[in-house]
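Novice: So I've got this file, upload.tsv, and it contains TSV, C-alpha atoms (C1' of nucleotides):
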```tsv
chain	number	residue	atom	x	y	z
A	24	MET	CA	12.79	5.57	-59.34
A	25	ILE	CA	14.96	2.61	-60.35
A	26	LYS	CA	13.53	0.33	-63.00
A	27	ALA	CA	13.53	-3.38	-62.13
A	28	GLU	CA	15.86	-5.56	-64.17
A	29	ASN	CA	14.01	-7.85	-66.56
A	30	ASN	CA	14.39	-11.62	-66.61
A	31	ALA	CA	16.65	-11.65	-69.65
A	32	SER	CA	19.00	-9.24	-67.94
A	33	LEU	CA	19.02	-11.32	-64.75
A	34	LEU	CA	19.83	-14.46	-66.73
A	35	LYS	CA	22.66	-12.66	-68.47
A	36	ARG	CA	24.01	-11.45	-65.15
A	37	PHE	CA	23.92	-14.99	-63.80
A	38	ASN	CA	25.84	-16.38	-66.77
A	39	SER	CA	28.41	-13.60	-66.67
A	40	TYR	CA	28.97	-14.28	-63.01
A	41	LEU	CA	29.64	-17.97	-63.71
A	42	ASP	CA	32.23	-16.96	-66.30
A	43	GLU	CA	33.91	-14.41	-64.06
A	44	GLN	CA	34.15	-16.86	-61.19
A	45	HIS	CA	35.30	-19.71	-63.46
A	46	MET	CA	32.23	-21.67	-62.48
A	47	ARG	CA	30.65	-24.12	-64.91
A	48	HIS	CA	27.54	-23.83	-67.00
A	49	THR	CA	25.68	-27.03	-66.22
A	50	PRO	CA	22.24	-28.16	-67.46
A	51	GLU	CA	21.08	-28.24	-63.83
A	52	ARG	CA	22.01	-24.62	-63.15
A	53	ASP	CA	20.45	-23.54	-66.41
A	54	ALA	CA	17.19	-25.40	-65.76
A	55	ILE	CA	16.90	-24.03	-62.23
A	56	VAL	CA	17.58	-20.42	-63.17
A	57	ARG	CA	15.19	-20.47	-66.10
A	58	ARG	CA	12.47	-22.05	-63.99
A	59	VAL	CA	12.98	-19.59	-61.15
A	60	LEU	CA	12.80	-16.59	-63.46
A	61	ASN	CA	9.41	-17.76	-64.72
A	62	ILE	CA	7.86	-18.02	-61.28
A	63	THR	CA	5.61	-15.20	-60.12
A	64	GLY	CA	5.18	-14.92	-56.37
A	65	HIS	CA	6.69	-16.94	-53.55
A	66	PHE	CA	7.94	-20.49	-53.65
A	67	THR	CA	9.63	-22.97	-51.34
A	68	ILE	CA	12.53	-25.28	-52.22
A	69	GLU	CA	10.07	-28.16	-52.17
A	70	GLN	CA	7.78	-26.40	-54.64
A	71	LEU	CA	10.66	-25.49	-56.93
A	72	LYS	CA	11.77	-29.11	-56.96
A	73	GLN	CA	8.22	-30.17	-57.84
A	74	MET	CA	8.08	-27.68	-60.72
A	75	LEU	CA	11.36	-29.02	-62.10
A	76	ASP	CA	10.06	-32.58	-61.76
A	77	ASP	CA	6.94	-31.55	-63.65
A	78	ASP	CA	9.16	-30.11	-66.36
A	79	GLY	CA	10.66	-33.59	-66.56
A	80	PHE	CA	13.99	-32.33	-65.26
A	81	TYR	CA	15.38	-34.19	-62.30
A	82	VAL	CA	17.73	-32.21	-60.07
A	83	SER	CA	18.78	-33.24	-56.57
A	84	LYS	CA	17.76	-31.13	-53.60
A	85	ALA	CA	21.40	-30.43	-52.76
A	86	THR	CA	21.90	-28.83	-56.16
A	87	ILE	CA	18.71	-26.82	-55.83
A	88	TYR	CA	19.87	-25.47	-52.46
A	89	ASN	CA	23.28	-24.67	-53.93
A	90	THR	CA	21.91	-22.84	-56.93
A	91	VAL	CA	19.34	-20.92	-54.91
A	92	ASP	CA	22.13	-19.80	-52.59
A	93	LEU	CA	24.04	-18.63	-55.62
A	94	LEU	CA	21.01	-16.67	-56.82
A	95	MET	CA	20.73	-15.02	-53.43
A	96	THR	CA	24.39	-14.07	-53.44
A	97	LEU	CA	23.77	-12.45	-56.79
A	98	GLY	CA	20.70	-10.65	-55.44
A	99	ILE	CA	18.44	-12.34	-57.99
A	100	LEU	CA	16.45	-14.10	-55.29
A	101	ARG	CA	15.40	-12.99	-51.83
A	102	ARG	CA	14.49	-15.18	-48.92
A	103	HIS	CA	11.53	-14.62	-46.65
A	104	CYS	CA	10.50	-16.61	-43.64
A	105	PHE	CA	6.93	-15.91	-42.66
A	106	GLU	CA	5.25	-18.57	-40.54
A	107	GLY	CA	6.18	-22.18	-40.09
A	108	LEU	CA	9.36	-23.92	-40.99
A	109	GLN	CA	9.95	-23.53	-44.68
A	110	ALA	CA	11.73	-20.52	-46.12
A	111	GLN	CA	10.09	-18.86	-49.09
A	112	TYR	CA	11.90	-17.24	-51.98
A	113	GLU	CA	10.95	-14.60	-54.49
A	114	LYS	CA	12.63	-12.83	-57.37
A	115	SER	CA	14.18	-9.46	-56.70
A	116	ASN	CA	12.68	-7.90	-59.83
A	117	VAL	CA	9.07	-8.10	-58.67
A	118	PRO	CA	7.35	-4.80	-57.82
A	119	ILE	CA	7.67	-3.74	-54.18
A	120	HIS	CA	4.79	-5.08	-52.13
A	121	SER	CA	3.72	-5.71	-48.56
A	122	HIS	CA	2.73	-9.06	-47.06
A	123	LEU	CA	-0.48	-9.77	-45.19
A	124	ILE	CA	0.16	-12.87	-43.11
A	125	CYS	CA	-2.70	-14.74	-41.52
A	126	THR	CA	-1.59	-16.10	-38.15
A	127	LYS	CA	-4.35	-18.70	-38.23
A	128	CYS	CA	-3.82	-20.42	-41.59
A	129	GLY	CA	-0.37	-19.07	-42.51
A	130	LYS	CA	-1.51	-17.82	-45.90
A	131	VAL	CA	0.49	-14.89	-47.28
A	132	LYS	CA	-1.16	-12.30	-49.48
A	133	GLU	CA	0.74	-9.67	-51.39
A	134	VAL	CA	-0.57	-6.11	-51.59
A	135	ARG	CA	0.78	-3.11	-53.43
A	136	ASP	CA	0.60	0.31	-51.84
A	137	ASN	CA	2.12	3.19	-53.76
A	138	ASN	CA	1.73	5.57	-50.86
A	139	PHE	CA	3.78	3.24	-48.71
A	140	ILE	CA	6.50	2.99	-51.35
A	141	ALA	CA	6.56	6.79	-51.67
A	142	PHE	CA	6.88	7.08	-47.91
A	143	MET	CA	9.69	4.54	-47.73
A	144	ASN	CA	11.62	6.43	-50.38
A	145	THR	CA	11.94	9.28	-47.89
A	146	ARG	CA	13.52	7.03	-45.24
A	147	LYS	CA	17.25	6.63	-44.62
A	148	PHE	CA	19.12	4.58	-42.04
A	149	THR	CA	22.48	5.36	-40.50
A	150	ALA	CA	25.32	2.85	-40.36
A	151	PHE	CA	23.36	0.52	-42.62
A	152	THR	CA	23.32	0.11	-46.40
A	153	GLN	CA	19.73	-0.68	-47.30
A	154	ASP	CA	19.19	-3.26	-50.00
A	155	TYR	CA	15.45	-3.92	-49.89
A	156	TYR	CA	12.65	-3.96	-47.38
A	157	SER	CA	9.56	-5.95	-46.58
A	158	LEU	CA	6.52	-4.93	-44.59
A	159	CYS	CA	4.78	-7.85	-42.89
A	160	VAL	CA	1.31	-7.22	-41.49
A	161	TYR	CA	0.14	-9.98	-39.17
A	162	GLY	CA	-3.51	-10.59	-38.46
A	163	VAL	CA	-6.46	-12.76	-39.41
A	164	CYS	CA	-7.77	-13.13	-42.95
A	165	ASN	CA	-11.51	-12.94	-43.56
A	166	SER	CA	-11.76	-16.60	-44.37
A	167	CYS	CA	-10.30	-17.57	-40.98
A	168	ALA	CA	-12.29	-14.88	-39.16
A	169	ARG	CA	-15.49	-16.52	-40.39
A	170	LYS	CA	-14.35	-20.05	-39.49
A	171	GLN	CA	-13.18	-18.92	-36.06
A	172	LYS	CA	-16.71	-18.15	-34.92
A	173	LYS	CA	-17.73	-21.75	-35.36
A	174	LYS	CA	-14.66	-23.69	-34.26
A	175	PRO	CA	-11.94	-22.05	-32.11
A	176	LYS	CA	-8.54	-23.40	-33.11
A	177	GLN	CA	-4.93	-23.39	-31.83
A	178	LEU	CA	-2.91	-20.52	-33.26
A	179	THR	CA	0.46	-22.26	-33.57
A	180	PRO	CA	1.36	-23.35	-37.09
L	15	MET	CA	-2.92	5.87	-29.38
L	16	ILE	CA	-3.31	2.68	-27.40
L	17	LYS	CA	-1.09	2.34	-24.37
L	18	ALA	CA	0.94	-0.90	-24.15
L	19	GLU	CA	-0.01	-3.28	-21.36
L	20	ASN	CA	2.62	-3.42	-18.63
L	21	ASN	CA	4.28	-6.62	-17.46
L	22	ALA	CA	2.18	-6.94	-14.32
L	23	SER	CA	-0.96	-6.77	-16.39
L	24	LEU	CA	0.35	-9.37	-18.85
L	25	LEU	CA	1.21	-11.73	-15.99
L	26	LYS	CA	-2.27	-11.28	-14.57
L	27	ARG	CA	-3.81	-12.00	-17.93
L	28	PHE	CA	-1.75	-15.16	-18.22
L	29	ASN	CA	-2.85	-16.41	-14.81
L	30	SER	CA	-6.49	-15.57	-15.42
L	31	TYR	CA	-6.34	-17.50	-18.67
L	32	LEU	CA	-5.00	-20.58	-16.89
L	33	ASP	CA	-7.90	-20.36	-14.45
L	34	GLU	CA	-10.53	-19.89	-17.15
L	35	GLN	CA	-9.22	-22.83	-19.16
L	36	HIS	CA	-8.84	-25.03	-16.07
L	37	MET	CA	-5.14	-25.25	-16.75
L	38	ARG	CA	-2.67	-25.66	-13.92
L	39	HIS	CA	-0.35	-23.18	-12.29
L	40	THR	CA	2.98	-24.96	-12.30
L	41	PRO	CA	6.38	-23.70	-11.12
L	42	GLU	CA	7.67	-24.22	-14.67
L	43	ARG	CA	5.03	-22.00	-16.27
L	44	ASP	CA	5.52	-19.37	-13.62
L	45	ALA	CA	9.32	-19.34	-14.02
L	46	ILE	CA	9.08	-19.14	-17.81
L	47	VAL	CA	6.54	-16.33	-17.88
L	48	ARG	CA	8.36	-14.24	-15.30
L	49	ARG	CA	11.65	-14.70	-17.13
L	50	VAL	CA	10.13	-13.84	-20.50
L	51	LEU	CA	8.51	-10.68	-19.18
L	52	ASN	CA	11.90	-9.45	-17.99
L	53	ILE	CA	13.59	-9.85	-21.34
L	54	THR	CA	14.06	-6.76	-23.49
L	55	GLY	CA	14.54	-7.42	-27.18
L	56	HIS	CA	14.59	-10.65	-29.13
L	57	PHE	CA	15.41	-14.11	-27.87
L	58	THR	CA	15.48	-17.67	-29.17
L	59	ILE	CA	14.18	-20.79	-27.41
L	60	GLU	CA	17.79	-21.80	-26.85
L	61	GLN	CA	18.61	-18.45	-25.24
L	62	LEU	CA	15.52	-18.58	-23.04
L	63	LYS	CA	16.53	-22.05	-21.86
L	64	GLN	CA	20.00	-20.75	-21.06
L	65	MET	CA	18.58	-17.85	-19.05
L	66	LEU	CA	16.43	-20.24	-17.03
L	67	ASP	CA	19.43	-22.51	-16.49
L	68	ASP	CA	21.40	-19.48	-15.26
L	69	ASP	CA	18.56	-18.70	-12.87
L	70	GLY	CA	19.13	-22.21	-11.56
L	71	PHE	CA	15.74	-23.34	-12.83
L	72	TYR	CA	15.76	-26.44	-15.00
L	73	VAL	CA	12.88	-26.74	-17.45
L	74	SER	CA	12.79	-29.15	-20.39
L	75	LYS	CA	12.75	-27.79	-23.92
L	76	ALA	CA	9.37	-29.40	-24.58
L	77	THR	CA	7.86	-27.39	-21.74
L	78	ILE	CA	9.51	-24.20	-22.94
L	79	TYR	CA	8.07	-24.72	-26.41
L	80	ASN	CA	4.65	-25.45	-24.91
L	81	THR	CA	4.62	-22.38	-22.72
L	82	VAL	CA	5.94	-20.09	-25.44
L	83	ASP	CA	3.14	-21.38	-27.70
L	84	LEU	CA	0.68	-20.54	-24.96
L	85	LEU	CA	2.12	-17.03	-24.69
L	86	MET	CA	1.73	-16.57	-28.42
L	87	THR	CA	-1.87	-17.74	-28.33
L	88	LEU	CA	-2.46	-15.12	-25.66
L	89	GLY	CA	-0.72	-12.48	-27.78
L	90	ILE	CA	1.89	-11.88	-25.09
L	91	LEU	CA	4.72	-13.02	-27.34
L	92	ARG	CA	5.28	-12.64	-31.07
L	93	ARG	CA	7.42	-14.79	-33.29
L	94	HIS	CA	9.79	-13.48	-35.93
L	95	CYS	CA	11.95	-15.38	-38.33
L	96	PHE	CA	14.68	-13.17	-39.72
L	97	GLU	CA	17.77	-14.95	-41.01
L	98	GLY	CA	18.96	-18.40	-40.10
L	99	LEU	CA	17.04	-21.33	-38.74
L	100	GLN	CA	16.00	-20.33	-35.26
L	101	ALA	CA	12.79	-18.43	-34.63
L	102	GLN	CA	13.08	-15.31	-32.48
L	103	TYR	CA	10.48	-14.10	-30.03
L	104	GLU	CA	9.68	-10.76	-28.50
L	105	LYS	CA	7.11	-9.37	-26.11
L	106	SER	CA	4.06	-7.71	-27.61
L	107	ASN	CA	4.23	-4.75	-25.21
L	108	VAL	CA	7.47	-3.33	-26.57
L	109	PRO	CA	7.22	-0.04	-28.48
L	110	ILE	CA	6.69	-0.42	-32.24
L	111	HIS	CA	10.00	-0.60	-34.07
L	112	SER	CA	11.52	-1.63	-37.37
L	113	HIS	CA	14.22	-4.23	-37.91
L	114	LEU	CA	17.46	-3.70	-39.76
L	115	ILE	CA	18.68	-7.15	-40.77
L	116	CYS	CA	22.21	-7.68	-41.98
L	117	THR	CA	22.21	-10.35	-44.68
L	118	LYS	CA	25.91	-10.97	-44.08
L	119	CYS	CA	26.07	-11.63	-40.36
L	120	GLY	CA	22.37	-12.03	-39.55
L	121	LYS	CA	22.47	-9.42	-36.81
L	122	VAL	CA	19.14	-7.67	-36.17
L	123	LYS	CA	19.03	-4.07	-35.00
L	124	GLU	CA	15.88	-2.38	-33.80
L	125	VAL	CA	15.12	1.20	-34.77
L	126	ARG	CA	12.25	3.45	-33.76
L	127	ASP	CA	10.75	5.82	-36.27
L	128	ASN	CA	7.79	7.91	-35.15
L	129	ASN	CA	7.11	9.14	-38.66
L	130	PHE	CA	6.78	5.58	-39.81
L	131	ILE	CA	4.36	4.76	-37.00
L	132	ALA	CA	2.31	7.83	-37.81
L	133	PHE	CA	2.20	6.80	-41.45
L	134	MET	CA	1.16	3.24	-40.64
L	135	ASN	CA	-1.69	4.54	-38.50
L	136	THR	CA	-3.22	5.93	-41.69
L	137	ARG	CA	-3.16	2.51	-43.42
L	138	LYS	CA	-6.05	0.06	-43.61
L	139	PHE	CA	-6.36	-3.30	-45.36
L	140	THR	CA	-9.48	-4.84	-46.79
L	141	ALA	CA	-10.61	-8.38	-45.94
L	142	PHE	CA	-7.95	-8.58	-43.25
L	143	THR	CA	-8.03	-7.77	-39.54
L	144	GLN	CA	-4.65	-6.30	-38.73
L	145	ASP	CA	-3.10	-7.32	-35.44
L	146	TYR	CA	0.44	-5.94	-35.63
L	147	TYR	CA	3.07	-5.25	-38.26
L	148	SER	CA	6.79	-5.49	-38.68
L	149	LEU	CA	9.02	-3.69	-41.13
L	150	CYS	CA	12.15	-5.60	-42.05
L	151	VAL	CA	14.89	-3.71	-43.87
L	152	TYR	CA	17.52	-6.00	-45.37
L	153	GLY	CA	21.00	-4.82	-46.17
L	154	VAL	CA	24.56	-4.77	-44.89
L	155	CYS	CA	25.60	-3.34	-41.53
L	156	ASN	CA	28.64	-1.09	-41.38
L	157	SER	CA	30.66	-3.68	-39.53
L	158	CYS	CA	30.19	-6.21	-42.36
L	159	ALA	CA	30.64	-3.57	-45.04
L	160	ARG	CA	34.11	-2.86	-43.66
L	161	LYS	CA	35.04	-6.54	-43.38
L	162	GLN	CA	33.78	-7.24	-46.89
L	163	LYS	CA	36.44	-5.10	-48.51
L	164	LYS	CA	39.17	-7.28	-47.06
L	165	LYS	CA	37.71	-10.78	-47.27
L	166	PRO	CA	34.73	-11.54	-49.54
L	167	LYS	CA	32.51	-14.12	-47.90
L	168	GLN	CA	29.55	-16.38	-48.76
L	169	LEU	CA	26.21	-14.71	-48.01
L	170	THR	CA	24.25	-17.74	-46.83
L	171	PRO	CA	23.71	-17.91	-43.07
U	5	DT	C1'	-8.10	-39.16	-6.47
U	6	DT	C1'	-8.30	-37.43	-10.90
U	7	DT	C1'	-6.04	-35.89	-14.75
U	8	DA	C1'	-3.14	-32.08	-16.63
U	9	DC	C1'	1.69	-31.38	-17.00
U	10	DT	C1'	6.59	-32.40	-17.27
U	11	DG	C1'	10.63	-34.53	-19.15
U	12	DC	C1'	12.58	-37.78	-21.88
U	13	DA	C1'	13.33	-39.89	-26.13
U	14	DA	C1'	11.90	-40.75	-30.59
U	15	DA	C1'	9.92	-38.77	-34.72
U	16	DT	C1'	9.57	-35.18	-38.20
U	17	DA	C1'	11.14	-31.58	-41.15
U	18	DT	C1'	14.42	-28.59	-43.19
U	19	DT	C1'	18.93	-27.56	-44.43
U	20	DT	C1'	23.94	-28.63	-44.62
U	21	DT	C1'	27.90	-31.50	-45.42
U	22	DG	C1'	31.18	-35.28	-47.08
U	23	DC	C1'	32.39	-37.91	-50.76
U	24	DA	C1'	32.48	-40.91	-54.89
U	25	DA	C1'	31.03	-40.65	-59.62
U	26	DT	C1'	30.41	-37.65	-63.43
U	27	DA	C1'	30.68	-34.03	-66.78
U	28	DT	C1'	32.46	-29.37	-68.08
U	29	DC	C1'	36.10	-26.85	-69.83
N	17	DG	C1'	43.02	-34.58	-68.22
N	18	DA	C1'	42.11	-31.58	-64.34
N	19	DT	C1'	38.74	-30.33	-61.34
N	20	DA	C1'	34.14	-28.20	-60.45
N	21	DT	C1'	29.67	-30.08	-59.88
N	22	DT	C1'	26.19	-33.44	-59.10
N	23	DG	C1'	23.54	-36.76	-56.37
N	24	DC	C1'	23.30	-39.60	-52.66
N	25	DA	C1'	23.34	-40.52	-47.96
N	26	DA	C1'	24.48	-39.12	-43.53
N	27	DA	C1'	24.79	-35.30	-40.27
N	28	DA	C1'	23.22	-31.25	-38.18
N	29	DT	C1'	19.58	-28.26	-36.53
N	30	DA	C1'	14.94	-26.98	-34.96
N	31	DT	C1'	10.62	-28.32	-33.60
N	32	DT	C1'	6.84	-31.64	-32.58
N	33	DT	C1'	4.89	-35.71	-30.61
N	34	DG	C1'	3.97	-39.96	-27.66
N	35	DC	C1'	4.05	-41.63	-23.36
N	36	DA	C1'	5.16	-42.98	-18.54
N	37	DG	C1'	5.85	-40.87	-14.26
N	38	DT	C1'	4.71	-36.83	-11.36
N	39	DA	C1'	2.22	-33.32	-9.13
N	40	DA	C1'	-1.62	-29.71	-9.02
N	41	DA	C1'	-6.31	-29.19	-7.79
```
Please express the file's structure as C-alpha cells.
Specialist:
Amino acid sequence: MIKAENNASLLKRFNSYLDEQHMRHTPERDAIVRRVLNITGHFTIEQLKQMLDDDGFYVSKATIYNTVDLLMTLGILRRHCFEGLQAQYEKSNVPIHSHLICTKCGKVKEVRDNNFIAFMNTRKFTAFTQDYYSLCVYGVCNSCARKQKKKPKQLTP
Amino acid sequence: MIKAENNASLLKRFNSYLDEQHMRHTPERDAIVRRVLNITGHFTIEQLKQMLDDDGFYVSKATIYNTVDLLMTLGILRRHCFEGLQAQYEKSNVPIHSHLICTKCGKVKEVRDNNFIAFMNTRKFTAFTQDYYSLCVYGVCNSCARKQKKKPKQLTP
DNA sequence: TTTACTGCAAATATTTTGCAATATC
DNA sequence: GATATTGCAAAATATTTGCAGTAAA
C-alpha cells in the first residue's frame, strides 16, 4: 500500500513546481497553499476565502480560483461535486473514504471502510489510468428521516 | 435481487402521482417524460431540450427544469455532477454501473462490474438509509493519455 | 370557472476572462 | 527592467424565481 504524502512534502512539491515552470512565489500563493494544507475535510472556494479573511489575509477570488486550479493540476487537491451548485475540494493526502450524501439536506458524511479499500485494490480498468476513486452513497440521514415524518419537504436542493 | 422497474411502469407511476397530487397532465410533461424514458445513458438539461426540439416539440427551459425536478422527487431520475458545470441526469432503472471520469477531457464512461455489485450488497451503513450509490473513478482515458505526450494541456475543465 | 402550469425575462450564483496596476525575479 | 501575477469588474454559464397569460379539470 502506498503511503500518503505528508503536508510538508506537498508544500515542497508545490514550490519545486513553481521553480520548474518559472512561476513566481507570491505571498498570495503561499498563504493559500498553507491554509489549504491545514484544512481537514471538504471545503468550498467561498469557505476557503472566508478562512483566509479570518487569518487577516485578503486574497481576491480570482487568485483563489487560479491557485486551486494549480493545486489540482499538481494533484494536491481533488474536486468533488455532490449536491447543489458549489464544488467542494479536498486534499489528496487524506485517507481513502466513502461519502454518504443526504438527498434531503445535502450534508456529506465521510466514512472509512477498510474492506471496501481492500476490495478496490483488486480492481483494474482497461484503457483507463486510474488516479483515485470516490464512492458516493445517496440516501437519507437519520436526522432528516425523523424530520420527514412531521413535515414532508421538496427534495431538490 | 430487486428487479428494475420498466419504462411503462415508471410512466404509470408518474401519471398516478400527478393524479394523487391533483397536478395536471399537460402535453409538456407528457412529452418530457416520454423522451426521458427513451434515453439511455447520461444527459444534460441542454441536451434534453435539444432532443425535444428535434422531436419538433418546443418546451421552455423553466418547464424542463420543473419536470426534471419532479422526476427526481419521484426517484425516476438521478442527478450526477461529474466534471464541469452542467449537471447530468440518468434514469434510475438502468443497471448499476460505475463511472470512469477522465479529468482531462471530462468524458464519462460507464462500466459494469458484477463483483463490485456483489460486494456492495454486503455493505450497510449506520444512521443512514441508503437509496443508491455511485462509484466514480477519476483518471485519464487512453485517448487523452496519448494526446498528452504531444501537447501538455491545462487540467481544468 | 377556477387555478395550476407554461414561457418569458429578470434574478441569483458560481466560475471564467480581460486588463490595468503591481510586485517578483 | 521585463513580465508574471494580482484584483477588479465584466462576461459567461447554469439554475431559480416572479409573474402575466394560457389551458386543464
Novice: Pick from N:DA36, N:DA41, N:DA28, N:DA20: nearest to chain A, with only C-alpha atoms (C1' of nucleotides) counted?
Specialist: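 Closest candidate: N:DA20.
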Novice: So which residues touch Leu84 (chain L) within 12 Å, counting all atoms listed in the file, skipping near sequence neighbours fewer than 3 positions away, as a PyMOL selection string?
Specialist: (chain A and resi 177-179) or (chain L and resi 27-29+31-32+35+37+43+46-47+77-81+87-92)
Novice: When you look at DA15 (chain U) with a cut-off of 10 Å (counting all atoms listed in the file), what residues show up, excluding the ones that are within fewer than 6 positions of it in the same chain? I need them as an MDAnalysis selection string.
Specialist: chainID N and resid 32:34
Novice: Using C1' of DA27 (chain U) and CA of Glu51 (chain A) as the two end points, give the distance in Å to one decimal.
Specialist: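 Here the two named atoms are 11.6 Å from each other.
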Novice: Expressed in Å to a single decimal, how great is the separation between C1' of DT20 (chain U) and CA of Glu43 (chain A)?
Specialist: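 Separation of C1' of DT20 (chain U) and CA of Glu43 (chain A): 26.1 Å.
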Novice: Hey, could you make a per-residue contact list for chain A against chain L with 10 Å as the cut-off, showing the nearest pair of atoms and its distance in Å to one decimal, counting only C-alpha atoms, sorted by chain and number, as a tab-separated table?
Specialist:
```
residue	atom	partner	partner_atom	distance
A:Asn89	CA	L:Thr170	CA	10.0
A:Val91	CA	L:Thr170	CA	10.0
A:Asp92	CA	L:Thr170	CA	6.5
A:Leu93	CA	L:Leu169	CA	8.8
A:Met95	CA	L:Leu169	CA	7.7
A:Thr96	CA	L:Leu169	CA	5.8
A:Leu97	CA	L:Leu169	CA	9.4
A:Arg101	CA	L:Tyr152	CA	9.8
A:Arg102	CA	L:Glu97	CA	8.6
A:His103	CA	L:Phe96	CA	7.7
A:Cys104	CA	L:Cys95	CA	5.6
A:Phe105	CA	L:Cys95	CA	6.7
A:Glu106	CA	L:Cys95	CA	7.7
A:Gly107	CA	L:Cys95	CA	9.1
A:Leu108	CA	L:Leu99	CA	8.4
A:Gln109	CA	L:Leu99	CA	9.5
A:Ala110	CA	L:Leu99	CA	9.1
A:Ser121	CA	L:Leu149	CA	9.3
A:His122	CA	L:Tyr147	CA	9.6
A:Leu123	CA	L:Phe142	CA	7.8
A:Ile124	CA	L:Phe142	CA	9.2
A:Cys125	CA	L:Phe142	CA	8.3
A:Thr126	CA	L:Asp145	CA	9.3
A:Lys132	CA	L:Phe142	CA	9.9
A:Val134	CA	L:Phe139	CA	9.0
A:Asp136	CA	L:Arg137	CA	9.5
A:Asn138	CA	L:Arg137	CA	9.4
A:Phe139	CA	L:Phe133	CA	8.2
A:Phe142	CA	L:Phe133	CA	8.0
A:Met143	CA	L:Phe130	CA	8.5
A:Arg146	CA	L:Phe130	CA	8.8
A:Phe148	CA	L:Leu114	CA	8.7
A:Thr149	CA	L:Asn156	CA	9.0
A:Ala150	CA	L:Asn156	CA	5.3
A:Phe151	CA	L:Cys155	CA	4.6
A:Thr152	CA	L:Val154	CA	5.3
A:Gln153	CA	L:Gly153	CA	4.5
A:Asp154	CA	L:Gly153	CA	4.5
A:Tyr155	CA	L:Tyr152	CA	5.4
A:Tyr156	CA	L:Val151	CA	4.2
A:Ser157	CA	L:Cys150	CA	5.2
A:Leu158	CA	L:Leu149	CA	4.4
A:Cys159	CA	L:Ser148	CA	5.2
A:Val160	CA	L:Tyr147	CA	4.2
A:Tyr161	CA	L:Tyr146	CA	5.4
A:Gly162	CA	L:Gln144	CA	4.4
A:Val163	CA	L:Thr143	CA	5.2
A:Cys164	CA	L:Phe142	CA	4.6
A:Asn165	CA	L:Ala141	CA	5.2
A:Ser166	CA	L:Ala141	CA	8.4
A:Cys167	CA	L:Phe142	CA	9.6
A:Ala168	CA	L:Thr143	CA	8.3
A:Lys176	CA	L:Thr87	CA	10.0
A:Gln177	CA	L:Thr87	CA	7.3
A:Leu178	CA	L:Thr87	CA	5.8
A:Thr179	CA	L:Asp83	CA	6.5
A:Pro180	CA	L:Asp83	CA	9.8
```
Novice: Grab the CA of Thr58 (chain L) to CA of His111 (chain L) distance for me, in Å with one decimal place.
Specialist: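 So the two atoms, CA of Thr58 (chain L) and CA of His111 (chain L), lie 18.6 Å apart.
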Novice: Give the residues of chain N that lie within 9 Å of chain A; count all atoms listed in the file, and format the answer as a list in words.
Specialist: DA20, DT21, DT22, DG23, DC24, DA30 and DT31 of chain N
Novice: Could you list, as a ChimeraX atom specification, the residues of chain U having an atom within 12 Å of chain L when counting all atoms listed in the file?
Specialist: /U:7-13,18-20
Novice: Grab all the atoms of region 18-36 of chain N that the file lists, wrap them in a box along x, y and z, add 5 Å per side, and give me centre plus edge lengths in Å (one decimal) as JSON.
Specialist:
```
{"center_x": 23.0, "center_y": -35.0, "center_z": -41.4, "size_x": 48.1, "size_y": 26.0, "size_z": 55.8}
```
Novice: Show me, as a list of chain:residue names, the residues that have an atom within 12 Å of Ile62 (chain A) when counting all atoms listed in the file, minus same-chain residues fewer than 4 positions from it.
Specialist: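 Listing them by chain and then by number gives A:Asn30, A:Ile55, A:Val56, A:Arg57, A:Arg58, A:Phe66, A:Thr67, A:Gln70, A:Leu71, A:Met74, A:Leu75, A:Leu100, A:Tyr112, A:Glu113, A:Lys114, A:Ser115, A:Asn116, A:Val117.
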